[in-house]
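J.: Dropping in input-v2.tsv, which is TSV, C-alpha atoms and all ligand atoms:
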```tsv
chain	number	residue	atom	x	y	z
A	236	MET	CA	-36.05	-14.89	-30.49
A	237	HIS	CA	-36.52	-18.48	-31.62
A	238	ASP	CA	-38.76	-20.71	-29.52
A	239	LEU	CA	-35.89	-22.85	-28.30
A	240	LYS	CA	-38.15	-25.16	-26.30
A	241	LYS	CA	-39.11	-26.94	-29.48
A	242	TYR	CA	-35.50	-28.16	-29.74
A	243	ILE	CA	-35.34	-29.55	-26.18
A	244	ARG	CA	-36.41	-33.18	-25.83
A	245	ASN	CA	-37.72	-34.55	-22.53
A	246	VAL	CA	-36.57	-38.08	-21.84
A	247	THR	CA	-38.22	-39.66	-18.82
A	248	ASP	CA	-36.41	-42.10	-16.55
A	249	PHE	CA	-32.94	-41.25	-17.86
A	250	PRO	CA	-30.25	-41.89	-16.67
A	251	ARG	CA	-32.21	-43.43	-13.78
A	252	PRO	CA	-35.86	-44.08	-12.99
A	253	GLY	CA	-37.57	-40.91	-11.77
A	254	ILE	CA	-35.23	-38.45	-13.56
A	255	ASN	CA	-36.66	-36.27	-16.31
A	256	PHE	CA	-33.69	-35.56	-18.59
A	257	PHE	CA	-33.64	-32.40	-20.73
A	258	ASP	CA	-31.85	-33.44	-23.92
A	259	ILE	CA	-30.17	-30.66	-25.92
A	260	THR	CA	-29.01	-32.87	-28.82
A	261	PRO	CA	-31.99	-31.86	-31.07
A	262	LEU	CA	-30.87	-28.23	-30.57
A	263	LEU	CA	-27.30	-29.10	-31.63
A	264	LEU	CA	-28.66	-30.95	-34.65
A	265	ASP	CA	-30.61	-27.98	-35.96
A	266	PRO	CA	-28.32	-25.23	-37.36
A	267	ALA	CA	-30.95	-22.47	-36.97
A	268	GLY	CA	-31.72	-23.50	-33.39
A	269	PHE	CA	-28.06	-23.86	-32.38
A	270	GLN	CA	-27.15	-20.50	-33.93
A	271	ALA	CA	-30.10	-18.79	-32.21
A	272	ALA	CA	-28.99	-20.20	-28.85
A	273	LEU	CA	-25.37	-19.15	-29.42
A	274	GLU	CA	-26.40	-15.64	-30.52
A	275	ALA	CA	-28.49	-15.13	-27.37
A	276	MET	CA	-25.68	-16.47	-25.16
A	277	GLU	CA	-23.12	-14.32	-26.98
A	278	ARG	CA	-25.18	-11.15	-26.37
A	279	PHE	CA	-25.19	-11.77	-22.61
A	280	VAL	CA	-21.59	-12.98	-22.40
A	281	SER	CA	-20.11	-10.11	-24.43
A	282	SER	CA	-22.03	-7.56	-22.30
A	283	LYS	CA	-20.00	-8.79	-19.31
A	284	ASN	CA	-16.61	-8.02	-20.92
A	285	PRO	CA	-15.05	-11.29	-19.71
A	286	THR	CA	-11.36	-12.08	-19.98
A	287	LYS	CA	-12.09	-15.85	-19.99
A	288	LEU	CA	-14.90	-18.35	-20.29
A	289	LEU	CA	-15.15	-21.46	-18.15
A	290	SER	CA	-17.29	-24.40	-19.27
A	291	ILE	CA	-18.29	-27.59	-17.52
A	292	GLU	CA	-17.74	-31.18	-18.71
A	293	SER	CA	-19.21	-32.31	-20.96
A	294	ARG	CA	-22.25	-30.65	-22.54
A	295	GLY	CA	-21.04	-27.25	-21.36
A	296	PHE	CA	-17.96	-27.66	-23.60
A	297	VAL	CA	-20.12	-27.56	-26.74
A	298	PHE	CA	-21.47	-24.11	-25.91
A	299	GLY	CA	-18.30	-22.82	-24.21
A	300	ALA	CA	-16.02	-23.63	-27.14
A	301	ALA	CA	-18.37	-22.07	-29.71
A	302	LEU	CA	-18.71	-18.91	-27.59
A	303	ALA	CA	-14.95	-18.65	-26.96
A	304	ASP	CA	-14.46	-18.76	-30.73
A	305	ARG	CA	-17.11	-16.07	-31.28
A	306	LEU	CA	-15.64	-13.80	-28.58
A	307	LYS	CA	-11.99	-14.62	-29.31
A	308	ILE	CA	-11.16	-15.23	-25.64
A	309	GLY	CA	-9.66	-18.13	-23.70
A	310	LEU	CA	-11.62	-21.16	-22.50
A	311	ILE	CA	-11.12	-23.04	-19.21
A	312	PRO	CA	-12.40	-26.63	-19.06
A	313	ALA	CA	-13.80	-27.77	-15.70
A	314	ARG	CA	-13.43	-31.55	-15.61
A	315	LYS	CA	-14.22	-34.58	-13.51
A	316	PRO	CA	-11.40	-35.66	-11.10
A	317	GLY	CA	-8.26	-37.13	-12.61
A	318	LYS	CA	-8.78	-35.91	-16.18
A	319	LEU	CA	-6.63	-32.77	-16.18
A	320	PRO	CA	-2.88	-33.44	-16.47
A	321	TYR	CA	-1.32	-30.47	-14.66
A	322	LYS	CA	-1.72	-28.94	-11.14
A	323	THR	CA	-5.37	-28.50	-10.25
A	324	VAL	CA	-7.74	-27.01	-7.71
A	325	SER	CA	-10.95	-28.87	-6.96
A	326	GLU	CA	-14.32	-28.33	-5.27
A	327	GLU	CA	-16.87	-30.85	-4.09
A	328	TYR	CA	-20.60	-30.46	-4.58
A	329	ASP	CA	-23.62	-32.42	-3.38
A	330	LEU	CA	-25.46	-34.91	-5.51
A	331	GLU	CA	-28.85	-36.42	-4.69
A	332	TYR	CA	-26.88	-39.22	-3.01
A	333	GLY	CA	-23.30	-38.41	-2.01
A	334	THR	CA	-20.90	-35.90	-3.51
A	335	ASP	CA	-18.93	-35.34	-6.70
A	336	SER	CA	-16.18	-32.90	-7.58
A	337	LEU	CA	-14.76	-30.87	-10.45
A	338	GLU	CA	-11.26	-29.60	-11.16
A	339	ILE	CA	-9.63	-26.80	-13.12
A	340	HIS	CA	-5.96	-26.15	-13.75
A	341	SER	CA	-4.58	-23.89	-11.03
A	342	ASP	CA	-2.90	-21.59	-13.58
A	343	ALA	CA	-6.12	-21.13	-15.60
A	344	VAL	CA	-7.36	-18.13	-13.59
A	345	GLY	CA	-5.42	-15.27	-12.03
A	346	ASP	CA	-5.96	-11.98	-10.21
A	347	GLY	CA	-8.07	-9.59	-12.26
A	348	ASP	CA	-9.67	-12.25	-14.46
A	349	ARG	CA	-13.33	-11.65	-15.27
A	350	VAL	CA	-14.86	-15.06	-15.91
A	351	VAL	CA	-18.22	-16.07	-17.39
A	352	VAL	CA	-19.26	-19.66	-16.61
A	353	VAL	CA	-21.13	-21.60	-19.33
A	354	ASP	CA	-23.14	-24.81	-19.02
A	355	ASP	CA	-26.14	-26.46	-20.66
A	356	LEU	CA	-28.51	-26.61	-17.66
A	357	ILE	CA	-28.99	-25.45	-14.04
A	358	ALA	CA	-30.84	-27.87	-11.77
A	359	THR	CA	-29.89	-27.41	-8.10
A	360	GLY	CA	-27.07	-24.96	-8.91
A	361	GLY	CA	-24.53	-27.02	-6.95
A	362	THR	CA	-22.27	-27.67	-9.94
A	363	LEU	CA	-22.14	-24.01	-10.93
A	364	ARG	CA	-21.52	-22.87	-7.37
A	365	ALA	CA	-18.56	-25.24	-7.09
A	366	VAL	CA	-16.87	-23.88	-10.22
A	367	CYS	CA	-17.55	-20.28	-9.16
A	368	ARG	CA	-15.74	-21.01	-5.88
A	369	MET	CA	-12.71	-22.35	-7.75
A	370	VAL	CA	-12.51	-19.20	-9.90
A	371	GLU	CA	-12.74	-17.03	-6.77
A	372	ARG	CA	-10.12	-19.07	-4.86
A	373	LEU	CA	-7.70	-18.38	-7.72
A	374	GLY	CA	-8.32	-14.61	-7.56
A	375	GLY	CA	-10.81	-14.28	-10.42
A	376	GLU	CA	-14.27	-12.72	-10.43
A	377	VAL	CA	-17.32	-14.53	-11.80
A	378	VAL	CA	-19.04	-11.76	-13.77
A	379	GLY	CA	-21.84	-13.93	-15.17
A	380	ILE	CA	-23.31	-17.37	-15.66
A	381	SER	CA	-24.81	-18.37	-19.01
A	382	VAL	CA	-26.94	-21.51	-19.49
A	383	VAL	CA	-29.39	-22.77	-22.07
A	384	ILE	CA	-31.95	-24.31	-19.66
A	385	ASP	CA	-32.94	-23.57	-16.10
A	386	LEU	CA	-35.20	-25.71	-13.93
A	387	ALA	CA	-37.02	-22.88	-12.16
A	388	PHE	CA	-38.88	-25.29	-9.86
A	389	LEU	CA	-35.61	-26.11	-8.08
A	390	PRO	CA	-34.10	-23.64	-5.59
A	391	TRP	CA	-30.93	-22.84	-7.56
A	392	ARG	CA	-31.42	-19.07	-7.20
A	393	GLU	CA	-30.66	-19.29	-3.46
A	394	LYS	CA	-27.45	-21.19	-4.14
A	395	LEU	CA	-26.35	-18.73	-6.82
A	396	SER	CA	-27.55	-15.51	-5.18
A	397	GLY	CA	-25.25	-12.63	-5.98
A	398	TYR	CA	-24.38	-13.97	-9.44
A	399	ASP	CA	-25.83	-12.59	-12.68
A	400	VAL	CA	-27.41	-15.68	-14.27
A	401	ASN	CA	-28.77	-15.65	-17.84
A	402	CYS	CA	-31.00	-18.56	-18.96
A	403	LEU	CA	-32.54	-18.98	-22.41
A	404	VAL	CA	-35.27	-21.52	-21.66
A	405	SER	CA	-37.01	-21.92	-18.31
A	406	TYR	CA	-39.13	-24.84	-17.08
A	407	ASP	CA	-41.55	-24.19	-14.20
A	408	SER	CA	-42.30	-27.86	-13.64
A	409	GLU	CA	-40.98	-31.25	-14.61
B	1	LIG	P1	-26.97	-29.11	-10.70
B	1	LIG	O1	-25.63	-29.12	-10.05
B	1	LIG	O2	-27.99	-29.84	-9.88
B	1	LIG	O3	-27.42	-27.71	-11.07
B	1	LIG	O4	-26.87	-29.97	-12.05
B	1	LIG	C1	-26.40	-29.37	-13.23
B	1	LIG	C2	-25.57	-30.31	-14.06
B	1	LIG	O5	-26.15	-31.61	-14.14
B	1	LIG	C3	-25.48	-29.77	-15.48
B	1	LIG	O6	-24.13	-29.94	-15.92
B	1	LIG	C4	-26.45	-30.63	-16.28
B	1	LIG	O7	-25.88	-31.00	-17.50
B	1	LIG	C5	-26.74	-31.85	-15.41
B	1	LIG	N1	-28.17	-32.09	-15.17
B	1	LIG	C6	-28.79	-32.08	-13.96
B	1	LIG	N2	-30.09	-32.37	-14.05
B	1	LIG	C7	-30.34	-32.56	-15.37
B	1	LIG	C8	-31.53	-32.88	-16.13
B	1	LIG	N3	-32.72	-33.07	-15.54
B	1	LIG	N4	-31.42	-33.00	-17.49
B	1	LIG	C9	-30.20	-32.81	-18.08
B	1	LIG	N5	-29.07	-32.53	-17.42
B	1	LIG	C10	-29.11	-32.40	-16.08
```
Please render this file's structure as structure tokens.
T.:
Amino acid sequence: MHDLKKYIRNVTDFPRPGINFFDITPLLLDPAGFQAALEAMERFVSSKNPTKLLSIESRGFVFGAALADRLKIGLIPARKPGKLPYKTVSEEYDLEYGTDSLEIHSDAVGDGDRVVVVDDLIATGGTLRAVCRMVERLGGEVVGISVVIDLAFLPWREKLSGYDVNCLVSYDSE
């Protein structure tokens, strides 16, 4: 397995003072690194036999779309409020200050769907938990969660307990 950490850039004080941002654009820029990440994600995702993938705006789309093409299955975009044109379901999640929400189309998931959720990074796990709830409200089952980076020093495992989460690169401290 490639050492993917060498493709992750730490940018301090972005987008606000005090935030340490994990930038995946060097990984996208390097064909060997990007392919290695996709291959590892594909191994986990295909082992779950999903019927659909769901990916989260906006960096999650990069990985979700590439994986949906590899697996030849459908892709559900989870988007910020007001971006999707048809009937939607939405879930709120907590931010450091206040709340935000995400939406998916209400006909995107149905009974019997086995969904893997794809994103670039887990921090608190609030975003992923919100999209898992939407899938479940529509009758689907979340059979796995696939991310590139996890911030292991944050308590996301409690929020996502019960889900099978696969992470490629783990950070134990900021
Ligand atoms: P959370 O809901 O706290 O798990 O936040 C996860 C979402 O926020 C993901 O979609 C990430 O892209 C983004 N995110 C949160 N913290 C960071 C960070 N330190 N660096 C890069 N992206 C982040």
J.: Return as a CSV table (one decimal) with C-alpha atoms, in the coordinates of the input the residues of protein, DNA or RNA that approach ligand LIG 1 (chain B) to within 8 Å, with only C-alpha atoms and all ligand atoms taken into account.
T.:
```
chain,number,residue,atom,x,y,z
A,254,ILE,CA,-35.2,-38.4,-13.6
A,255,ASN,CA,-36.7,-36.3,-16.3
A,256,PHE,CA,-33.7,-35.6,-18.6
A,257,PHE,CA,-33.6,-32.4,-20.7
A,258,ASP,CA,-31.8,-33.4,-23.9
A,291,ILE,CA,-18.3,-27.6,-17.5
A,292,GLU,CA,-17.7,-31.2,-18.7
A,293,SER,CA,-19.2,-32.3,-21.0
A,294,ARG,CA,-22.2,-30.6,-22.5
A,295,GLY,CA,-21.0,-27.2,-21.4
A,328,TYR,CA,-20.6,-30.5,-4.6
A,329,ASP,CA,-23.6,-32.4,-3.4
A,330,LEU,CA,-25.5,-34.9,-5.5
A,354,ASP,CA,-23.1,-24.8,-19.0
A,355,ASP,CA,-26.1,-26.5,-20.7
A,356,LEU,CA,-28.5,-26.6,-17.7
A,357,ILE,CA,-29.0,-25.4,-14.0
A,358,ALA,CA,-30.8,-27.9,-11.8
A,359,THR,CA,-29.9,-27.4,-8.1
A,360,GLY,CA,-27.1,-25.0,-8.9
A,361,GLY,CA,-24.5,-27.0,-7.0
A,362,THR,CA,-22.3,-27.7,-9.9
A,363,LEU,CA,-22.1,-24.0,-10.9
A,364,ARG,CA,-21.5,-22.9,-7.4
A,386,LEU,CA,-35.2,-25.7,-13.9
A,391,TRP,CA,-30.9,-22.8,-7.6
```
J.: Can you tell me which residues surround Ile311 in chain A at a distance of at most 10 Å, considering all atoms listed in the file, apart from same-chain residues fewer than 2 positions away, and format the answer as number ranges by chain?
T.: A: 287-291, 296, 299-300, 303, 309, 313-314, 339-340, 343-344, 350, 352
J.: Nearest to Val297 in chain A: which of A:Phe269, A:Lys318, A:Ile380, A:Asp407 is it, counting all atoms listed in the file?
T.: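 Using all atoms listed in the file, the shortest distance to Val297 in chain A belongs to A:Phe269.
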J.: Separation of CA of Thr323 in chain A and CA of Asp348 in chain A, in Å?
T.: 17.3 Å
J.: CA of Asp265 in chain A and CA of Tyr242 in chain A are how many Å apart?
T.: 7.9 Å
J.: Considering all atoms listed in the file, state which residue in the set A:Asp238, A:Asp399, A:Asp304, A:Asp248 is at the smallest distance from Ala272 in chain A.
T.: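 The closest residue to Ala272 in chain A is A:Asp238.
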J.: In Å, with one decimal, what is the gap from CA of Lys315 in chain A to CA of Phe279 in chain A?
T.: 26.9 Å
J.: What residues have an atom no more than 9 Å from (0.5, -29.2, -11.8) in the file's own frame, counting all atoms listed in the file, and can you write them as a PDB file with C-alpha atoms, in the coordinates of the input?
T.:
```pdb
ATOM      1  CA  PRO A 320      -2.880 -33.440 -16.470  1.00  0.00           C
ATOM      2  CA  TYR A 321      -1.320 -30.470 -14.660  1.00  0.00           C
ATOM      3  CA  LYS A 322      -1.720 -28.940 -11.140  1.00  0.00           C
ATOM      4  CA  THR A 323      -5.370 -28.500 -10.250  1.00  0.00           C
ATOM      5  CA  HIS A 340      -5.960 -26.150 -13.750  1.00  0.00           C
ATOM      6  CA  SER A 341      -4.580 -23.890 -11.030  1.00  0.00           C
ATOM      7  CA  ASP A 342      -2.900 -21.590 -13.580  1.00  0.00           C
TER       8      ASP A 342
END
```
J.: Write out as a ChimeraX atom specification the residues lying within 8 Å of Tyr398 in chain A, counting all atoms listed in the file and excluding same-chain residues fewer than 4 positions away.
T.: /A:377-380
J.: Nearest to Val383 in chain A: which of A:Leu337, A:Ala365, A:Val353, A:Leu306 is it, counting only C-alpha atoms?
T.: A:Val353
J.: Considering only C-alpha atoms, return as a list in words whatever protein or nucleic-acid residues lie within 9 Å of Leu403 in chain A, sequence-local ones (same chain, fewer than 4 positions apart) excluded.
T.: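 Once the nearby chain positions are removed, what remains is Leu239, Ala272, Ala275, Met276, Ser381, Val382, Val383, Ile384 and Asp385 of chain A.
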J.: Tell me which of A:Glu338, A:Leu273, A:His237, A:Ala267 sits closest to Arg305 in chain A, counting only C-alpha atoms.
T.: A:Leu273
J.: Using all atoms listed in the file, pick whichever of A:Glu409, A:Asp346, A:Glu277, A:Glu327 has the shortest atom-to-atom distance to Leu389 in chain A.
T.: A:Glu409
J.: So which one's closest to Ser396 in chain A, A:Val324, A:Val246, A:Ile308, A:Cys367? Using all atoms listed in the file, please.
T.: A:Cys367
